[in-house]
Structures are given as C-alpha cells and as structure tokens.
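**Q** This is the structure I have questions about; it appears just below.
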2 protein chains.
Amino acid sequence: MKIIVDAMGGDNAPLEIIKGAMLALDEFDEIDEIIFTGDEDKINESVKENGIKLKKSRIVNCTQEISMCDEPASALKEKPDSSMAVGFKLLSEGEGDAFVSAGNTGAITVGATLIIKRIKGIKRPAIASLIPGDKKPFLLLDCGANSDCRAEFLYQFGYMGSLYMKNIMKCENPTVALANNGSEDTKGNALVKEAFELMKGAPYNFIGSIEGRQIPFGDADVVVADGFSGNLILKTYEGAAKVLMEALENAFNKNILSKLSYLGVKSSLDDMKTQFDYREYGGAVLLGIKKPVIKSHGSADAKTFKNAIKQAVWFLQTDLIEKTEEEIKSMQS
Amino acid sequence: MKIIVDAMGGDNAPLEIIKGAMLALDEFDEIDEIIFTGDEDKINESVKENGIKLKKSRIVNCTQEISMCDEPASALKEKPDSSMAVGFKLLSEGEGDAFVSAGNTGAITVGATLIIKRIKGIKRPAIASLIPGDKKPFLLLDCGANSDCRAEFLYQFGYMGSLYMKNIMKCENPTVALANNGSEDTKGNALVKEAFELMKGAPYNFIGSIEGRQIPFGDADVVVADGFSGNLILKTYEGAAKVLMEALENAFNKNILSKLSYLGVKSSLDDMKTQFDYREYGGAVLLGIKKPVIKSHGSADAKTFKNAIKQAVWFLQTDLIEKTEEEIKSMQS
C-alpha cells in the first residue's frame with residue numbers, strides 16, 4: 001500500500017499532517033510508503049524543527065498551494081503544481097493507491113470527479129462521514145459534495161452507503177434512512193418525497209424517513225441527505241457536541257469540590273469523549289470514485305489525520321470499488 | 001389576557017397540558033382566564049383522578065381530536081369539532097387572545113394560515129424556535145412550516161425573526177444569518193445563493209452565512225433556514241444534546257466513585273442542564289400570523305407547556321404583530 005498525502009492541506013499543515021502520517025506508519029504495517037506532495041523545503045524545515053524522523057516516505061515537490069478561499073471549480077486547473085493537483089495526478093497514474101487531503105473540500109470533490117473519475121453508472125460522488133452514534137457509528141452522506149441534488153442521486157447515495165457499511169464496517173444488511181423533517185411517509189420537501197418513492201423500491205434495506213432527533217442515536221446505519229442538508233446535520237451535531245463538552249468542562253471547573261469530583265469520574269468521562277470524538281474516524285470518504293480519496297478535517301491534528309489514513313487503509317483492504325461497480329451495473333441491467 | 005389551550009394536543013394530553021396551564025396561572029398574573037378546548041369528560045376525569053384544582057378556567061367541549069397521523073391540509077376541515085379547530089375558531093372570534101397547542105404541527109400551520117390568516121404582505125408564516133445557545137438563546141426559523149421555500153420567503157423570515165428578537169427578547173440590533181453549508185459567500189444550494197443576494201440588501205442586520213458548527217454557539221441571534229433544513233438543524237441539535245446527556249448520566253453511574261463524584265458537581269451540572277433545556281422555551285411561535293399561535297412540543301410535559309404559555313404571554317405583552325405589519329408595509333412602499 002502506497003498512500004499519497006497532501007502535506008499542505010488544512011489549517012495545521014504541514015506539521016500535523018506529517019506527524020499523523022508517521023503515526024499511521026507506526027500503526028499500520030500494511031502501509032509500504034507515504035508519498036507527500038508539497039513544498040519540499042517547508043516539509044523538511046518542519047521535520048527538522050520538530051525533531052521528526054521521516055521513515056518509509058518520499059516527498060514530491062510542488063510549488064503551489066490551494067487555499068480554502070480558492071474557487072473549487074477552477075483551483076486545480078489554475079494551480080496544476082499544487083500539492084492537491086499533484087496528489088491527484090499521482091493517484092491517477094497509479095504511483096499511489098489512495099489520496100488523503102485535509103484541503104479545500106470543493107476542490108477535492110472536483111479533482112476526484114475530473115481526474116480520478118466516477119465509477120461507471122454513478123451519477124454523482126458523495127462525501128460520506130462516519131459519525132459516532134449512541135451505540136455504534138453510522139454513515140451520513142452526502143455531507144457536502146452536491147449542494148443541489150436530484151432524487152436519483154439520493155437513491156444512489158443509499159446504495160453506496162449501504163455497500164460501504166457492509167464491506168468496510170462489516171455491518172450486516174445495513175439499514176438506510178432518508179433524513180427528513182418528520183418520520184411519517186408523507187413528510188419532506190419535493191426532492192425528498194420523490195427520493196422516498198424511488199428508495200421504497202431499492203434493493204438495499206431502506207427503512208424510511210429519519211428525523212434529526214433520531215439521527216445521533218444511530219437508528220439507521222446509513223443516513224442519506226442532499227449535500228446541503230447533510231452538511232448542516234453533520235456540523236450541527238459537531239457544534240452541539242462542542243458546546244456541551246465546553247459547558248461540561250466549565251461545570252467541573254467551578255470550584256474545588258467540582259474539580260475534585262472530576263477525578264472520580266475522569267476515566268468514564270474519557271471513555272465518553274472517545275466514543276463521541278469525531279477525530280476517531282479522521283475524515284470523510286469520497287464514495288462513487290474509481291480510487292480511494294479521503295478528505296480529512298480542515299482542522300485535523302496528527303491523531304485526526306492518522307485516522308483519515310486509517311480510512312484509506314480500510315478502503316484498500318476491501319474491494320468496495322469493484323463491488324460498487326458490479327452492483328451499479330447489475331442494477332442498471 | 002385570555003389564553004386558549006388545546007387540551008387534547010400532544011403525547012401527554014390532557015393531564016400535562018392541564019397541569020402546565022395551572023402552573024402558568026400561578027406564575028403569570030397577567031392571565032385572566034384559560035379556555036380549554038377538548039373532551040370535557042376526559043378533562044374532568046383527568047382533573048379528578050389527579051386531584052387538580054382548576055381555577056380561572058373554563059372548558060369548551062369538543063367531540064373530535066386531531067392526531068399526529070391526520071393529514072395537515074385536510075384535518076381541520078374534516079374535524080371541525082376537534083379541540084384544535086375549535087381553538088382556532090375561538091381565537092379568530094376574539095374569545096381569547098392567543099392559542100397554544102402541542103398538537104400536529106402541520107395542522108397548526110394550516111389552521112393559523114387559513115383561519116387566523118397571515119399578516120398583510122407576509123408570503124409565508126414561519127415556525128420560530130428559541131434555542132439555548134452557548135451564551136444566550138437564538139431564534140431559528142423556519143423550523144418546519146414550509147418544506148419548500150422560495151428565496152423571498154427566507155428574506156422575510158429574516159425580517160420576522162429580527163423583529164421578534166428585538167421586541168420580545170429585547171435584543172438590540174439582532175444579527176441575522178443564513179444557515180449554509182460553509183461560511184463563504186459563494187456557498188449554498190441554489191435557494192440559499194438567491195436568498196443571500198436578497199438578504200445582502202435587507203434593512204435588518206444581515207451578517208452572512210453561518211455553518212452548522214457555529215449555530216449552537218449562538219454566533220447569530222437569528223438563523224434563517226427553509227423549513228426542511230431548519231427542522232433538521234433543530235432536531236439534530238436536540239438529538240445530539242439528548243445522546244450526550246444520556247452518555248454523561250451513564251458515565252456517572254459507572255461505579256461508586258463516579259456516583260460520589262456526581263454529588264460534588266451536581267449543582268453546576270444542574271445549571272448546565274437548565275441552560276440547555278429546550279423545555280425552558282416550551283415551544284415555537286408561528287410568526288407572520290395575525291394573532292399569537294404557539295406550538296408546544298408534541299412530547300410536552302407540564303413544565304414545557306407552562307413555558308409555551310409563557311411565550312404567549314410575552315407575545316401579548318408587546319405589539320410585535322402591529323410592528324411586523326408596519327415594517328412589512330414600509331418595506332413594500
């Protein structure tokens with residue numbers, strides 16, 4: 001396994017990206033090489049300053065960088081020697097097996113679609129995020145690749161999500177639900193009502209609508225939404241967790257007694273934090289693309305980025321892409 | 001002030017509704033009378049069984065009930081003697097000053113629109129929920145009255161929300177943001193992009209897009225969304241809070257030490273629970289309607305319902321409806 005890593009993507013690049021990649025090498029023997037794309041001088045400087053020992057790695061030097069402000073549609077064309085554009089090129093040429101970046105989400109989606117290309121029959125790729133739930137994680141897609149969707153896209157997202165949960169998370173007969181503004185069959189906007197009708201006849205395990213209130217409980221293994229709503233669901237969940245965790249911290253910091261109390265419950269609180277830590281899954285997977293492309297959080301630290309690489313390793317350990325290809329083909333014939 | 005209360009609406013009707021109304025009478029001297037609509041026998045039975053002493057109240061007997069499964073568009077027509085239809089009738093005839101119900105949201109929206117009617121110039125009413133934020137509550141609208149919206153509706157929602165926060169929550173120059181899948185101006189689906197352009201020129205304090213992650217932090221006093229996304233934001237926030245609070249409870253219940261620790265932090269945790277308790281605001285207000293209509297949570301208990309009545313009292317203490325009428329008129333001229 002050779003993993004291509006965009007060393008310049010995200011708020012904490014290149015240091016946390018490099019550290020994350022080294023952590024991944026420690027943890028996953030399957031990885032033979034990390035190929036960093038980015039400014040070689042900056043990478044070497046960061047490595048030296050922080051006393052990191054690079055191993056099983058090489059750097060492909062790039063002279064440009066794509067920022068969060070670059071227009072997704074044109075960024076890769078305008079910056080062909082950016083760490084992201086070069087990363088996609090290496091992936092398309094087979095120099096590496098998967099590409100992981102914490103950079104501009106829109107540009108990653110465009111690059112995956114135009115350079116790596118969609119699986120035949122797939123109408124739109126989707127950004128799929130594994131999210132910690134009450135008892136087990138669930139997959140939410142699309143988290144933002146497609147702001148405007150047609151019903152047939154949502155129908156296919158259900159397919160791709162179901163295959164992901166089955167093959168990568170080893171979830172048997174995963175349940176697929178449609179994010180909706182009510183649990184009744186008659187609910188929804190025009191798009192969701194149309195998608196609901198299509199999904200009722202789907203060969204995957206469609207269980208109907210799911211309300212926002214039930215999503216964090218993991219009542220469905222796969223939650224399908226258009227990229228606009230899906231992004232709001234994902235981020236509202238993250239924001240709510242952050243606000244509550246901060247409030248909890250303040251509650252424990254109130255006085256000496258509350259500070260002491262913290263010690264007595266620390267270990268189980270740590271378990272809870274781990275359970276709901278979005279960093280555990282490190283990032284989102286672009287589904288419907290011919291090769292594994294992983295988008296890590298823009299604010300990824302080393303641990304988060306390591307887990308994004310874990311997603312790439314999981315992906316490469318299965319034949320999800322081939323299976324998706326076959327299923328889509330059989331669906332159409 | 002005379003408040004009309006739908007005694008049969010919601011999962012815990014009539015008992016919790018009646019108890020909530022009595023709590024409201026205890027708390028708000030402004031209320032002269034509660035007018036219950038509903039099955040008189042059931043109400044009296046519930047009152048008797050639970051040893052409640054009804055005061056300052058009368059019951060208008062109804063023979064029908066609208067359930068959560070009734071089709072919103074036709075429910076009120078098909079069940080003209082339901083507690084909800086009669087409640088709206090009494091409100092429109094001036095028998096009472098405000099109507100509070102924990103029943104079917106869709107039917108309430110339809111009733112408010114068709115029986116009480118929209119304020120002149122308002123294109124669509126919106127369900128507006130006060131939500132506990134990091135430091136202060138914020139208003140989210142629309143939370144589900146309109147599954148499909150046009151840009152001009154969102155533009156008006158900003159107006160109505162701004163007036164609500166100014167007049168009822170005494171928030172000076174409230175900030176208004178558009179819920180979006182990114183904070184950049186170029187983000188959004190087709191609807192949001194169009195609304196963004198309209199809102200840029202709005203006379204209220206429009207501050208641009210807000211991501212889901214920032215919504216719970218209360219970065220904006222008013223968050224505008226179409227009813228479909230707004231509902232998902234509201235309920236995902238509620239669901240996330242519920243999942244985390246349950247996990248926290250489990251963490252404290254793990255062993256004797258953690259149980260003891262709970263005692264040391266209990267009071268500040270209680271403060272935190274109060275801060276994030278959605279029951280504090282009891283329900284949502286229908287904005288853009290000629291008289292105050294409050295929709296309480298379907299699962300409302302007595303405290304929640306009391307707070308929904310509080311919303312009606314707040315509403316009646318201001319001249320929000322007249323102000324909205326004037327502002328909309330001046331906006332159009």
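Note on naming: chains are A, B, ... as they come in the structure tokens, residues start from 1 per chain, ligands start from 1 in the order shown.
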Would you give me, as a compact mmCIF listing (two decimals) with C-alpha atoms, in the first residue's frame, the residues of chain B that come within 8 Å of chain A, using only C-alpha atoms?

**A**
```txt
# COMPACT_ATOMS: atom_id res chain seq x y z
CA CYS B 69 -51.31 10.96 11.65
CA ASP B 134 -23.59 28.87 24.33
CA GLY B 144 -40.90 23.23 9.54
CA SER B 147 -40.78 22.31 3.42
CA ASP B 148 -40.18 24.02 0.11
CA ALA B 179 -27.81 28.62 7.59
CA ASN B 180 -25.38 27.35 4.98
CA ASN B 181 -23.01 24.53 4.09
CA GLY B 188 -25.06 27.23 -0.69
CA ASN B 189 -27.61 25.44 -2.77
CA ALA B 190 -29.48 27.38 -5.47
CA GLU B 211 -22.24 26.93 9.29
CA GLY B 212 -23.92 24.25 11.36
CA ARG B 213 -20.91 24.09 13.65
CA GLN B 214 -21.37 27.70 14.74
CA ILE B 215 -25.14 27.65 15.12
CA PRO B 216 -25.18 26.19 18.69
CA PHE B 217 -22.64 28.79 19.75
CA PHE B 228 -36.88 21.41 5.75
CA SER B 229 -33.27 22.24 6.73
CA ASN B 231 -36.28 21.26 11.10
CA LEU B 232 -33.21 19.05 10.65
CA ILE B 233 -30.99 21.62 12.41
CA LEU B 234 -33.40 21.97 15.35
CA LYS B 235 -33.90 18.27 15.84
CA THR B 236 -30.30 17.23 15.26
CA TYR B 237 -29.31 19.69 17.98
CA GLU B 238 -31.94 18.25 20.32
CA GLY B 239 -30.91 14.70 19.47
CA ALA B 240 -27.21 15.39 19.97
CA ALA B 241 -27.90 17.01 23.36
CA VAL B 243 -27.45 11.44 23.36
CA LEU B 244 -24.67 13.29 25.16
CA ALA B 247 -23.91 9.24 27.97
CA LEU B 248 -22.98 11.64 30.77
CA ALA B 251 -20.55 7.90 33.00
CA PHE B 252 -21.65 9.00 36.48
CA LYS B 254 -20.44 3.54 36.37
CA LEU B 257 -16.59 6.63 42.99
CA SER B 258 -18.25 8.18 39.95
CA LEU B 260 -19.99 10.07 44.68
CA SER B 261 -18.33 12.48 42.25
CA TYR B 262 -21.74 13.37 40.92
CA LEU B 263 -22.66 14.89 44.29
CA GLY B 264 -19.74 17.29 44.11
CA VAL B 265 -20.67 18.64 40.72
CA SER B 268 -23.23 23.16 38.41
CA LEU B 269 -24.44 20.29 36.22
CA MET B 272 -25.87 23.46 32.72
```

**Q** Please, which residues of region 162-315 of chain A, numbered as in this document, come out alpha helix (DSSP H) from DSSP, as a PyMOL selection string?

**A** chain A and resi 162-167+190-200+227-252+256-275+302-315

**Q** Find the residues around Thr109 (chain A) up to 10 Å (only C-alpha atoms counted), leave out those fewer than 5 positions away in its own chain, and share them as a PyMOL selection string.

**A** chain A and resi 72-73+104+114-115+124-127+144-146+286+289+293+295

**Q** With only C-alpha atoms counted and 9 Å as the cut-off, give the residues of region 1-108 of chain B in contact with region 300-314 of chain B, each with its shortest interatomic distance in Å and the pair that gives it, as a Markdown table.

**A**
```
| residue | atom | partner | partner_atom | distance |
| --- | --- | --- | --- | --- |
| B:Met1 | CA | B:Val313 | CA | 7.9 |
| B:Ile3 | CA | B:Ile309 | CA | 7.8 |
| B:Val5 | CA | B:Ile309 | CA | 8.6 |
| B:Gly10 | CA | B:Ala300 | CA | 6.9 |
| B:Asp11 | CA | B:Ala300 | CA | 7.4 |
| B:Asn12 | CA | B:Asp301 | CA | 6.7 |
| B:Ala13 | CA | B:Ala300 | CA | 8.8 |
| B:Leu15 | CA | B:Ala302 | CA | 8.1 |
| B:Glu16 | CA | B:Ala302 | CA | 4.5 |
| B:Ile17 | CA | B:Ala302 | CA | 5.9 |
| B:Ile18 | CA | B:Ala302 | CA | 7.6 |
| B:Lys19 | CA | B:Ala302 | CA | 5.4 |
| B:Gly20 | CA | B:Ala302 | CA | 3.9 |
| B:Ala21 | CA | B:Lys306 | CA | 5.7 |
| B:Met22 | CA | B:Lys306 | CA | 7.9 |
| B:Leu23 | CA | B:Lys306 | CA | 6.0 |
| B:Ala24 | CA | B:Lys306 | CA | 5.1 |
| B:Leu25 | CA | B:Lys306 | CA | 8.8 |
| B:Glu27 | CA | B:Lys310 | CA | 8.9 |
| B:Phe28 | CA | B:Lys310 | CA | 7.9 |
| B:Glu30 | CA | B:Val313 | CA | 7.6 |
| B:Ile31 | CA | B:Val313 | CA | 7.7 |
| B:Asp97 | CA | B:Ala312 | CA | 8.8 |
| B:Ala98 | CA | B:Ala312 | CA | 6.3 |
| B:Phe99 | CA | B:Ala312 | CA | 7.7 |
| B:Val100 | CA | B:Ile309 | CA | 6.6 |
| B:Ser101 | CA | B:Ala308 | CA | 8.6 |
| B:Ala102 | CA | B:Ala300 | CA | 7.0 |
```

**Q** Rounded to one decimal in Å, what is the spacing between CA of His297 (chain A) and CA of Thr105 (chain A)?

**A**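 A separation of 9.1 Å between them.
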
**Q** For each of B:Thr63, B:Glu327, B:Glu93, B:Glu322, take the minimum atom-to-atom distance to Lys79 (chain B), counting only C-alpha atoms, then give the residue where this is smallest.

**A**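 Selected residue with least distance to Lys79 (chain B): B:Thr63.
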
**Q** What does the distance between CA of Val176 (chain B) and CA of Gly201 (chain B) come to in Å, to one decimal place?

**A**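 Interatomic distance, CA of Val176 (chain B) to CA of Gly201 (chain B): 12.5 Å.
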
**Q** Taking into account only C-alpha atoms, which residue in the set A:Ser162, A:Thr113, A:Ile4, A:Leu154 is nearest to Met84 (chain A)?

**A**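 Comparing A:Ser162, A:Thr113, A:Ile4, A:Leu154 against Met84 (chain A), the winner is A:Ile4.
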